[in-house]
file start23.cif (mmCIF, C-alpha atoms)
data_structure
loop_
_atom_site.group_PDB
_atom_site.id
_atom_site.type_symbol
_atom_site.label_atom_id
_atom_site.label_comp_id
_atom_site.auth_asym_id
_atom_site.auth_seq_id
_atom_site.Cartn_x
_atom_site.Cartn_y
_atom_site.Cartn_z
ATOM 1 C CA MET Q 1 1.507 -5.999 31.694
ATOM 2 C CA ARG Q 2 2.402 -2.813 29.823
ATOM 3 C CA GLU Q 3 -0.133 -0.499 28.162
ATOM 4 C CA LEU Q 4 0.030 1.393 24.883
ATOM 5 C CA TYR Q 5 -2.243 4.360 24.233
ATOM 6 C CA LEU Q 6 -2.148 4.883 20.458
ATOM 7 C CA LEU Q 7 -3.732 8.234 19.624
ATOM 8 C CA ARG Q 8 -4.746 9.685 16.272
ATOM 9 C CA HIS Q 9 -3.657 13.308 15.695
ATOM 10 C CA GLY Q 10 -6.100 16.219 15.881
ATOM 11 C CA GLU Q 11 -8.015 17.619 12.915
ATOM 12 C CA THR Q 12 -5.847 19.192 10.209
ATOM 13 C CA LEU Q 13 -6.440 21.566 7.321
ATOM 14 C CA PHE Q 14 -6.364 18.660 4.849
ATOM 15 C CA ASN Q 15 -8.815 16.669 6.978
ATOM 16 C CA ARG Q 16 -11.225 19.580 6.774
ATOM 17 C CA GLN Q 17 -10.678 19.932 3.016
ATOM 18 C CA HIS Q 18 -11.130 16.161 2.471
ATOM 19 C CA LYS Q 19 -7.669 15.762 0.960
ATOM 20 C CA ILE Q 20 -5.535 12.615 1.011
ATOM 21 C CA GLN Q 21 -2.928 13.124 3.701
ATOM 22 C CA GLY Q 22 -0.299 10.477 4.120
ATOM 23 C CA TRP Q 23 3.368 11.448 4.122
ATOM 24 C CA CYS Q 24 2.489 15.013 3.138
ATOM 25 C CA ASP Q 25 1.478 17.246 6.023
ATOM 26 C CA SER Q 26 -0.803 20.120 6.943
ATOM 27 C CA PRO Q 27 -1.241 22.059 10.183
ATOM 28 C CA LEU Q 28 -3.711 21.369 12.940
ATOM 29 C CA THR Q 29 -6.836 23.485 12.762
ATOM 30 C CA GLU Q 30 -8.107 25.409 15.766
ATOM 31 C CA ASP Q 31 -10.528 22.527 16.357
ATOM 32 C CA GLY Q 32 -7.646 20.059 16.043
ATOM 33 C CA CYS Q 33 -5.698 21.874 18.768
ATOM 34 C CA ALA Q 34 -8.795 21.875 20.967
ATOM 35 C CA GLN Q 35 -9.249 18.125 20.384
ATOM 36 C CA ALA Q 36 -5.674 17.451 21.456
ATOM 37 C CA CYS Q 37 -6.049 19.535 24.607
ATOM 38 C CA ALA Q 38 -9.318 17.783 25.437
ATOM 39 C CA ALA Q 39 -7.643 14.391 25.042
ATOM 40 C CA GLY Q 40 -4.866 15.485 27.376
ATOM 41 C CA ARG Q 41 -7.356 16.675 29.992
ATOM 42 C CA ALA Q 42 -9.266 13.397 29.729
ATOM 43 C CA PHE Q 43 -6.080 11.397 30.313
ATOM 44 C CA ALA Q 44 -5.199 13.626 33.274
ATOM 45 C CA GLN Q 45 -8.679 13.314 34.795
ATOM 46 C CA ALA Q 46 -8.421 9.530 34.457
ATOM 47 C CA GLY Q 47 -5.213 9.647 36.487
ATOM 48 C CA LEU Q 48 -3.099 8.152 33.697
ATOM 49 C CA VAL Q 49 0.665 8.402 34.128
ATOM 50 C CA PHE Q 50 2.861 7.791 31.075
ATOM 51 C CA ASP Q 51 6.478 6.663 31.228
ATOM 52 C CA ALA Q 52 7.220 7.255 27.547
ATOM 53 C CA PHE Q 53 5.961 9.445 24.718
ATOM 54 C CA ALA Q 54 6.428 9.171 20.947
ATOM 55 C CA SER Q 55 4.975 10.489 17.710
ATOM 56 C CA SER Q 56 5.453 10.113 14.009
ATOM 57 C CA THR Q 57 7.771 12.605 12.343
ATOM 58 C CA SER Q 58 4.808 14.425 10.783
ATOM 59 C CA GLU Q 59 4.200 17.764 12.498
ATOM 60 C CA ARG Q 60 0.475 17.161 12.871
ATOM 61 C CA ALA Q 61 1.366 14.221 15.123
ATOM 62 C CA SER Q 62 4.144 15.871 17.118
ATOM 63 C CA ASP Q 63 2.068 19.052 17.571
ATOM 64 C CA THR Q 64 -0.811 16.931 18.879
ATOM 65 C CA LEU Q 65 1.475 15.119 21.300
ATOM 66 C CA GLU Q 66 2.965 18.357 22.626
ATOM 67 C CA LEU Q 67 -0.502 19.756 23.333
ATOM 68 C CA VAL Q 68 -1.531 16.552 25.120
ATOM 69 C CA MET Q 69 1.677 16.539 27.147
ATOM 70 C CA GLY Q 70 1.035 20.148 28.153
ATOM 71 C CA GLU Q 71 -2.333 19.171 29.626
ATOM 72 C CA LEU Q 72 -0.655 16.283 31.461
ATOM 73 C CA GLY Q 73 1.936 18.594 33.004
ATOM 74 C CA CYS Q 74 4.679 16.887 30.994
ATOM 75 C CA ALA Q 75 5.544 19.669 28.560
ATOM 76 C CA ASP Q 76 9.217 19.526 29.510
ATOM 77 C CA ARG Q 77 9.524 15.769 29.016
ATOM 78 C CA PRO Q 78 11.435 14.465 25.979
ATOM 79 C CA TYR Q 79 9.689 12.308 23.382
ATOM 80 C CA ALA Q 80 10.740 10.224 20.402
ATOM 81 C CA ARG Q 81 9.846 11.075 16.802
ATOM 82 C CA LEU Q 82 9.871 7.896 14.724
ATOM 83 C CA LYS Q 83 9.457 7.562 10.956
ATOM 84 C CA GLY Q 84 7.979 4.109 11.462
ATOM 85 C CA LEU Q 85 4.863 5.736 12.941
ATOM 86 C CA LYS Q 86 4.065 7.800 9.821
ATOM 87 C CA GLU Q 87 0.815 7.532 7.887
ATOM 88 C CA PHE Q 88 0.272 5.250 4.893
ATOM 89 C CA ASN Q 89 2.197 6.641 1.895
ATOM 90 C CA HIS Q 90 -0.250 7.244 -0.973
ATOM 91 C CA GLY Q 91 2.355 8.062 -3.640
ATOM 92 C CA VAL Q 92 1.154 10.430 -6.357
ATOM 93 C CA PHE Q 93 -2.265 10.577 -4.687
ATOM 94 C CA GLU Q 94 -0.808 12.650 -1.829
ATOM 95 C CA GLY Q 95 -2.654 15.940 -1.439
ATOM 96 C CA GLU Q 96 -5.408 14.985 -3.913
ATOM 97 C CA GLN Q 97 -9.110 14.880 -3.099
ATOM 98 C CA GLN Q 98 -10.217 11.825 -1.134
ATOM 99 C CA TYR Q 99 -12.845 10.820 -3.680
ATOM 100 C CA LEU Q 100 -10.021 9.810 -6.061
ATOM 101 C CA GLN Q 101 -8.797 6.967 -3.853
ATOM 102 C CA PRO Q 102 -10.268 3.455 -4.122
ATOM 103 C CA GLY Q 103 -12.301 1.682 -1.479
ATOM 104 C CA LEU Q 104 -10.588 0.073 1.510
ATOM 105 C CA GLU Q 105 -10.624 -3.314 -0.200
ATOM 106 C CA ALA Q 106 -8.070 -2.010 -2.729
ATOM 107 C CA PHE Q 107 -5.639 -0.509 -0.211
ATOM 108 C CA GLU Q 108 -3.558 -3.671 0.216
ATOM 109 C CA SER Q 109 -1.415 -2.989 -2.842
ATOM 110 C CA PHE Q 110 -3.124 -0.283 -4.939
ATOM 111 C CA PHE Q 111 -0.854 2.643 -4.005
ATOM 112 C CA LYS Q 112 2.417 0.772 -4.499
ATOM 113 C CA GLN Q 113 2.154 1.074 -8.292
ATOM 114 C CA PHE Q 114 1.915 4.851 -7.858
ATOM 115 C CA GLY Q 115 4.969 5.238 -5.625
ATOM 116 C CA GLY Q 116 3.204 4.552 -2.339
ATOM 117 C CA GLU Q 117 3.182 1.686 0.138
ATOM 118 C CA ASP Q 118 1.340 -1.578 0.538
ATOM 119 C CA THR Q 119 -0.312 -2.615 3.788
ATOM 120 C CA ARG Q 120 2.396 -5.135 4.673
ATOM 121 C CA THR Q 121 5.063 -2.413 4.619
ATOM 122 C CA VAL Q 122 2.997 -0.169 6.885
ATOM 123 C CA GLN Q 123 2.257 -3.015 9.276
ATOM 124 C CA GLU Q 124 5.912 -3.984 9.541
ATOM 125 C CA ARG Q 125 7.241 -0.500 10.261
ATOM 126 C CA MET Q 126 4.451 0.194 12.767
ATOM 127 C CA ALA Q 127 5.075 -3.079 14.595
ATOM 128 C CA ARG Q 128 8.817 -2.453 14.808
ATOM 129 C CA ALA Q 129 8.450 1.171 15.907
ATOM 130 C CA LEU Q 130 5.842 0.427 18.566
ATOM 131 C CA ASP Q 131 7.820 -2.533 19.877
ATOM 132 C CA GLN Q 132 10.823 -0.209 20.158
ATOM 133 C CA VAL Q 133 8.766 2.176 22.307
ATOM 134 C CA MET Q 134 7.074 -0.434 24.470
ATOM 135 C CA GLY Q 135 10.063 -2.725 24.874
ATOM 136 C CA ALA Q 136 12.293 -0.054 26.410
ATOM 137 C CA ASP Q 137 13.362 -0.512 30.023
ATOM 138 C CA GLY Q 138 11.089 1.080 32.601
ATOM 139 C CA VAL Q 139 8.083 1.590 30.334
ATOM 140 C CA ARG Q 140 4.779 0.596 31.911
ATOM 141 C CA ARG Q 141 2.470 2.874 29.934
ATOM 142 C CA ALA Q 142 3.269 4.847 26.774
ATOM 143 C CA LEU Q 143 1.392 7.463 24.772
ATOM 144 C CA VAL Q 144 2.060 7.433 21.031
ATOM 145 C CA VAL Q 145 0.519 9.732 18.393
ATOM 146 C CA SER Q 146 0.140 8.343 14.881
ATOM 147 C CA HIS Q 147 -2.403 8.352 12.033
ATOM 148 C CA ALA Q 148 -5.702 6.667 11.178
ATOM 149 C CA GLY Q 149 -4.472 4.517 8.282
ATOM 150 C CA ALA Q 150 -1.295 3.438 10.054
ATOM 151 C CA MET Q 151 -3.248 2.653 13.229
ATOM 152 C CA PHE Q 152 -5.833 0.641 11.290
ATOM 153 C CA ASN Q 153 -3.110 -1.421 9.639
ATOM 154 C CA PHE Q 154 -1.367 -2.008 12.959
ATOM 155 C CA LEU Q 155 -4.668 -3.188 14.457
ATOM 156 C CA LEU Q 156 -4.985 -5.718 11.621
ATOM 157 C CA ALA Q 157 -1.401 -6.889 12.208
ATOM 158 C CA THR Q 158 -2.170 -7.626 15.860
ATOM 159 C CA GLY Q 159 -5.172 -9.735 14.896
ATOM 160 C CA GLY Q 160 -7.658 -7.137 16.144
ATOM 161 C CA ASP Q 161 -11.159 -6.726 14.726
ATOM 162 C CA PRO Q 162 -11.096 -3.913 12.109
ATOM 163 C CA ARG Q 163 -14.703 -3.022 12.893
ATOM 164 C CA VAL Q 164 -13.610 -1.337 16.126
ATOM 165 C CA ALA Q 165 -11.716 1.256 14.049
ATOM 166 C CA ASN Q 166 -14.802 2.435 12.172
ATOM 167 C CA PRO Q 167 -15.189 5.299 12.715
ATOM 168 C CA MET Q 168 -11.856 6.591 14.014
ATOM 169 C CA PRO Q 169 -12.317 10.359 14.494
ATOM 170 C CA ASN Q 170 -9.416 12.709 15.147
ATOM 171 C CA CYS Q 171 -7.938 12.175 18.637
ATOM 172 C CA SER Q 172 -9.499 8.734 18.988
ATOM 173 C CA CYS Q 173 -7.283 6.381 20.956
ATOM 174 C CA MET Q 174 -6.678 2.636 20.688
ATOM 175 C CA VAL Q 175 -5.530 0.951 23.887
ATOM 176 C CA PHE Q 176 -3.385 -2.187 23.734
ATOM 177 C CA THR Q 177 -1.644 -4.325 26.302
ATOM 178 C CA TYR Q 178 1.925 -5.389 25.523
ATOM 179 C CA ASP Q 179 3.878 -8.411 26.663
ATOM 180 C CA LYS Q 180 7.488 -8.810 25.549
ATOM 181 C CA THR Q 181 7.950 -12.282 27.015
ATOM 182 C CA PRO Q 182 9.518 -14.574 26.147
ATOM 183 C CA GLU Q 183 12.652 -12.508 25.679
ATOM 184 C CA THR Q 184 14.453 -13.074 22.390
ATOM 185 C CA THR Q 185 17.193 -11.332 20.481
ATOM 186 C CA CYS Q 186 16.025 -8.778 17.916
ATOM 187 C CA GLY Q 187 17.315 -10.818 15.012
ATOM 188 C CA ASP Q 188 15.210 -13.802 16.014
ATOM 189 C CA VAL Q 189 11.854 -12.005 15.974
ATOM 190 C CA SER Q 190 9.763 -11.430 12.859
ATOM 191 C CA TRP Q 191 7.645 -8.300 12.625
ATOM 192 C CA GLU Q 192 4.552 -10.504 12.762
ATOM 193 C CA ASP Q 193 5.698 -11.852 16.130
ATOM 194 C CA LEU Q 194 6.374 -8.314 17.318
ATOM 195 C CA ALA Q 195 2.825 -7.310 16.357
ATOM 196 C CA HIS Q 196 1.381 -10.194 18.330
ATOM 197 C CA ARG Q 197 3.012 -8.927 21.500
ATOM 198 C CA PHE Q 198 0.159 -6.385 21.430
ATOM 199 C CA VAL Q 199 -3.433 -7.237 22.336
ATOM 200 C CA PHE Q 200 -6.208 -4.767 21.548
ATOM 201 C CA GLN Q 201 -8.345 -3.766 24.531
ATOM 202 C CA ARG Q 202 -10.631 -0.849 23.650
ATOM 203 C CA VAL Q 203 -11.129 2.413 21.747
ATOM 204 C CA LEU Q 204 -11.485 5.767 23.457
ATOM 205 C CA ARG Q 205 -13.324 8.295 21.255
ATOM 206 C CA PRO Q 206 -13.589 12.068 21.851
#
call {"tool": "encode", "arguments": {"input": "start23.cif", "output": "structure tokens"}}
result
Amino acid sequence: MRELYLLRHGETLFNRQHKIQGWCDSPLTEDGCAQACAAGRAFAQAGLVFDAFASSTSERASDTLELVMGELGCADRPYARLKGLKEFNHGVFEGEQQYLQPGLEAFESFFKQFGGEDTRTVQERMARALDQVMGADGVRRALVVSHAGAMFNFLLATGGDPRVANPMPNCSCMVFTYDKTPETTCGDVSWEDLAHRFVFQRVLRP
């Protein structure tokens, strides 16, 4: 059975300023860098060995991953940057204050009318990207850095209980098992079936 460690990025400037941060980006704060290093040390102390690494294309995610990999002694290892792992796109709400966004119950389709995404779109791209990482030959355990909203939607797609993701502080980590069997050709598998190759196990919080 393969394992996925799905980690939220460290604290950013926009997190601290309570701004909506989806496809737009802001740098890690000093605390965010420290959170990433602490996560890496915790993984190292637990004796975890990762065969594959990936992050979203947002710099806050790739910077987090590079700091974690440094603590694991893997700084020279290559990693994938995948657009499918990006945060929920909030459209014209990007960069605005968080109090302007609706409650979670409205997220399913609210942002689509403003140039953003709906939850189904996020779930599909997350499922396909994570299956790409976990389904590669030789992968037994992978570390992937993504974002709170994208991770929450992926958890829902797998059939996991959303209550485990509340709260989900920076550098929290969801652990899933992954089973690719039975083998099928890519064209025969829906994204829903890909998502159900993952089974939620636990959350690791800083």
call {"tool": "resolve_selection", "arguments": {"input": "start23.cif", "expression": "the PyMOL selection byres ((chain Q and resi 3) around 6)", "output": "ChimeraX atom specification"}}
result
/Q:2,4,141,176-178
call {"tool": "write_last_selection", "arguments": {"input": "start23.cif", "atoms": "C-alpha atoms", "output": "compact mmCIF listing (two decimals), in the coordinates of the input"}}
result
# COMPACT_ATOMS: atom_id res chain seq x y z
CA ARG Q 2 2.40 -2.81 29.82
CA LEU Q 4 0.03 1.39 24.88
CA ARG Q 141 2.47 2.87 29.93
CA PHE Q 176 -3.38 -2.19 23.73
CA THR Q 177 -1.64 -4.32 26.30
CA TYR Q 178 1.92 -5.39 25.52
call {"tool": "resolve_selection", "arguments": {"input": "start23.cif", "expression": "the PyMOL selection byres ((chain Q and resi 73-78) around 10)", "output": "ChimeraX atom specification"}}
result
/Q:40-41,44,49-54,65-72,79-81
call {"tool": "residues_around", "arguments": {"input": "start23.cif", "residues": "Ala34 in chain Q", "least_positions_apart": "3", "cutoff": "12 Å", "atoms": "all atoms listed in the file", "output": "NGL selection string"}}
result
:Q and (9-12 or 28-31 or 37-41 or 63-64 or 67-68 or 71 or 170-171 or 206)
call {"tool": "closest_residue", "arguments": {"input": "start23.cif", "among": "Q:Gln21, Q:Gln132, Q:Ser109, Q:Thr119", "to": "Glu87 in chain Q", "atoms": "only C-alpha atoms"}}
result
Q:Gln21
call {"tool": "resolve_selection", "arguments": {"input": "start23.cif", "expression": "the PyMOL selection byres ((chain Q and resi 82) around 8)", "output": "PDB file with C-alpha atoms, keeping the file's coordinate frame"}}
result
ATOM      1  CA  ALA Q  54       6.428   9.171  20.947  1.00  0.00           C
ATOM      2  CA  SER Q  55       4.975  10.489  17.710  1.00  0.00           C
ATOM      3  CA  SER Q  56       5.453  10.113  14.009  1.00  0.00           C
ATOM      4  CA  THR Q  57       7.771  12.605  12.343  1.00  0.00           C
ATOM      5  CA  ALA Q  80      10.740  10.224  20.402  1.00  0.00           C
ATOM      6  CA  ARG Q  81       9.846  11.075  16.802  1.00  0.00           C
ATOM      7  CA  LYS Q  83       9.457   7.562  10.956  1.00  0.00           C
ATOM      8  CA  GLY Q  84       7.979   4.109  11.462  1.00  0.00           C
ATOM      9  CA  LEU Q  85       4.863   5.736  12.941  1.00  0.00           C
ATOM     10  CA  LYS Q  86       4.065   7.800   9.821  1.00  0.00           C
ATOM     11  CA  ALA Q 129       8.450   1.171  15.907  1.00  0.00           C
TER      12      ALA Q 129
END
call {"tool": "closest_residue", "arguments": {"input": "start23.cif", "among": "Q:Lys180, Q:His147, Q:Lys19, Q:Arg202", "to": "Glu94 in chain Q", "atoms": "only C-alpha atoms"}}
result
Q:Lys19
call {"tool": "closest_residue", "arguments": {"input": "start23.cif", "among": "Q:Ala157, Q:Leu194, Q:Leu104, Q:Ala150", "to": "Arg8 in chain Q", "atoms": "only C-alpha atoms"}}
result
Q:Ala150
call {"tool": "closest_residue", "arguments": {"input": "start23.cif", "among": "Q:His90, Q:Arg60, Q:His18, Q:Arg205", "to": "Gly149 in chain Q", "atoms": "all atoms listed in the file"}}
result
Q:His90
call {"tool": "closest_residue", "arguments": {"input": "start23.cif", "among": "Q:Phe93, Q:Trp191, Q:Phe88, Q:Phe111", "to": "Glu124 in chain Q", "atoms": "all atoms listed in the file"}}
result
Q:Trp191
call {"tool": "atom_distance", "arguments": {"input": "start23.cif", "atom1": "CA of Val203 in chain Q", "atom2": "CA of Cys33 in chain Q"}}
result
20.4 Å
call {"tool": "atom_distance", "arguments": {"input": "start23.cif", "atom1": "CA of Asp25 in chain Q", "atom2": "CA of Gly95 in chain Q"}}
result
8.6 Å
call {"tool": "closest_residue", "arguments": {"input": "start23.cif", "among": "Q:Pro27, Q:Gly22, Q:Ala127, Q:Gln17", "to": "Ala148 in chain Q", "atoms": "all atoms listed in the file"}}
result
Q:Gly22
call {"tool": "atom_distance", "arguments": {"input": "start23.cif", "atom1": "CA of Asp188 in chain Q", "atom2": "CA of Arg125 in chain Q"}}
result
16.5 Å
call {"tool": "build_atoms", "arguments": {"input": "start23.cif", "residues": "range 141-157 of chain Q", "atoms": "N, CA, C and O atoms", "output": "PDB file, in the coordinates of the input"}}
result
ATOM      1  N   ARG Q 141       3.570   2.339  30.745  1.00  0.00           N
ATOM      2  CA  ARG Q 141       2.470   2.874  29.934  1.00  0.00           C
ATOM      3  C   ARG Q 141       3.043   3.955  29.030  1.00  0.00           C
ATOM      4  O   ARG Q 141       3.753   4.845  29.495  1.00  0.00           O
ATOM      5  N   ALA Q 142       2.742   3.883  27.740  1.00  0.00           N
ATOM      6  CA  ALA Q 142       3.269   4.847  26.774  1.00  0.00           C
ATOM      7  C   ALA Q 142       2.131   5.482  25.994  1.00  0.00           C
ATOM      8  O   ALA Q 142       1.106   4.838  25.715  1.00  0.00           O
ATOM      9  N   LEU Q 143       2.324   6.736  25.624  1.00  0.00           N
ATOM     10  CA  LEU Q 143       1.392   7.463  24.772  1.00  0.00           C
ATOM     11  C   LEU Q 143       2.085   7.757  23.454  1.00  0.00           C
ATOM     12  O   LEU Q 143       3.155   8.368  23.427  1.00  0.00           O
ATOM     13  N   VAL Q 144       1.474   7.292  22.362  1.00  0.00           N
ATOM     14  CA  VAL Q 144       2.060   7.433  21.031  1.00  0.00           C
ATOM     15  C   VAL Q 144       1.027   8.069  20.106  1.00  0.00           C
ATOM     16  O   VAL Q 144      -0.132   7.631  20.070  1.00  0.00           O
ATOM     17  N   VAL Q 145       1.429   9.075  19.344  1.00  0.00           N
ATOM     18  CA  VAL Q 145       0.519   9.732  18.393  1.00  0.00           C
ATOM     19  C   VAL Q 145       0.904   9.319  16.975  1.00  0.00           C
ATOM     20  O   VAL Q 145       2.049   9.479  16.549  1.00  0.00           O
ATOM     21  N   SER Q 146      -0.081   8.788  16.251  1.00  0.00           N
ATOM     22  CA  SER Q 146       0.140   8.343  14.881  1.00  0.00           C
ATOM     23  C   SER Q 146      -1.039   8.791  14.016  1.00  0.00           C
ATOM     24  O   SER Q 146      -1.580   9.877  14.231  1.00  0.00           O
ATOM     25  N   HIS Q 147      -1.458   7.963  13.074  1.00  0.00           N
ATOM     26  CA  HIS Q 147      -2.403   8.352  12.033  1.00  0.00           C
ATOM     27  C   HIS Q 147      -3.425   7.243  11.796  1.00  0.00           C
ATOM     28  O   HIS Q 147      -3.129   6.061  12.031  1.00  0.00           O
ATOM     29  N   ALA Q 148      -4.587   7.611  11.289  1.00  0.00           N
ATOM     30  CA  ALA Q 148      -5.702   6.667  11.178  1.00  0.00           C
ATOM     31  C   ALA Q 148      -5.350   5.436  10.342  1.00  0.00           C
ATOM     32  O   ALA Q 148      -5.599   4.298  10.749  1.00  0.00           O
ATOM     33  N   GLY Q 149      -4.786   5.649   9.142  1.00  0.00           N
ATOM     34  CA  GLY Q 149      -4.472   4.517   8.282  1.00  0.00           C
ATOM     35  C   GLY Q 149      -3.403   3.613   8.870  1.00  0.00           C
ATOM     36  O   GLY Q 149      -3.505   2.381   8.829  1.00  0.00           O
ATOM     37  N   ALA Q 150      -2.366   4.218   9.433  1.00  0.00           N
ATOM     38  CA  ALA Q 150      -1.295   3.438  10.054  1.00  0.00           C
ATOM     39  C   ALA Q 150      -1.817   2.674  11.258  1.00  0.00           C
ATOM     40  O   ALA Q 150      -1.463   1.499  11.472  1.00  0.00           O
ATOM     41  N   MET Q 151      -2.667   3.310  12.062  1.00  0.00           N
ATOM     42  CA  MET Q 151      -3.248   2.653  13.229  1.00  0.00           C
ATOM     43  C   MET Q 151      -4.148   1.496  12.819  1.00  0.00           C
ATOM     44  O   MET Q 151      -4.123   0.422  13.432  1.00  0.00           O
ATOM     45  N   PHE Q 152      -4.943   1.702  11.774  1.00  0.00           N
ATOM     46  CA  PHE Q 152      -5.833   0.641  11.290  1.00  0.00           C
ATOM     47  C   PHE Q 152      -5.022  -0.565  10.835  1.00  0.00           C
ATOM     48  O   PHE Q 152      -5.354  -1.717  11.166  1.00  0.00           O
ATOM     49  N   ASN Q 153      -3.938  -0.315  10.115  1.00  0.00           N
ATOM     50  CA  ASN Q 153      -3.110  -1.421   9.639  1.00  0.00           C
ATOM     51  C   ASN Q 153      -2.401  -2.129  10.788  1.00  0.00           C
ATOM     52  O   ASN Q 153      -2.244  -3.353  10.772  1.00  0.00           O
ATOM     53  N   PHE Q 154      -1.979  -1.376  11.789  1.00  0.00           N
ATOM     54  CA  PHE Q 154      -1.367  -2.008  12.959  1.00  0.00           C
ATOM     55  C   PHE Q 154      -2.385  -2.876  13.688  1.00  0.00           C
ATOM     56  O   PHE Q 154      -2.075  -4.001  14.113  1.00  0.00           O
ATOM     57  N   LEU Q 155      -3.611  -2.390  13.823  1.00  0.00           N
ATOM     58  CA  LEU Q 155      -4.668  -3.188  14.457  1.00  0.00           C
ATOM     59  C   LEU Q 155      -4.843  -4.514  13.734  1.00  0.00           C
ATOM     60  O   LEU Q 155      -4.944  -5.577  14.366  1.00  0.00           O
ATOM     61  N   LEU Q 156      -4.866  -4.479  12.398  1.00  0.00           N
ATOM     62  CA  LEU Q 156      -4.985  -5.718  11.621  1.00  0.00           C
ATOM     63  C   LEU Q 156      -3.805  -6.644  11.882  1.00  0.00           C
ATOM     64  O   LEU Q 156      -3.974  -7.860  12.004  1.00  0.00           O
ATOM     65  N   ALA Q 157      -2.597  -6.076  11.986  1.00  0.00           N
ATOM     66  CA  ALA Q 157      -1.401  -6.889  12.208  1.00  0.00           C
ATOM     67  C   ALA Q 157      -1.432  -7.600  13.545  1.00  0.00           C
ATOM     68  O   ALA Q 157      -0.880  -8.696  13.695  1.00  0.00           O
TER      69      ALA Q 157
END
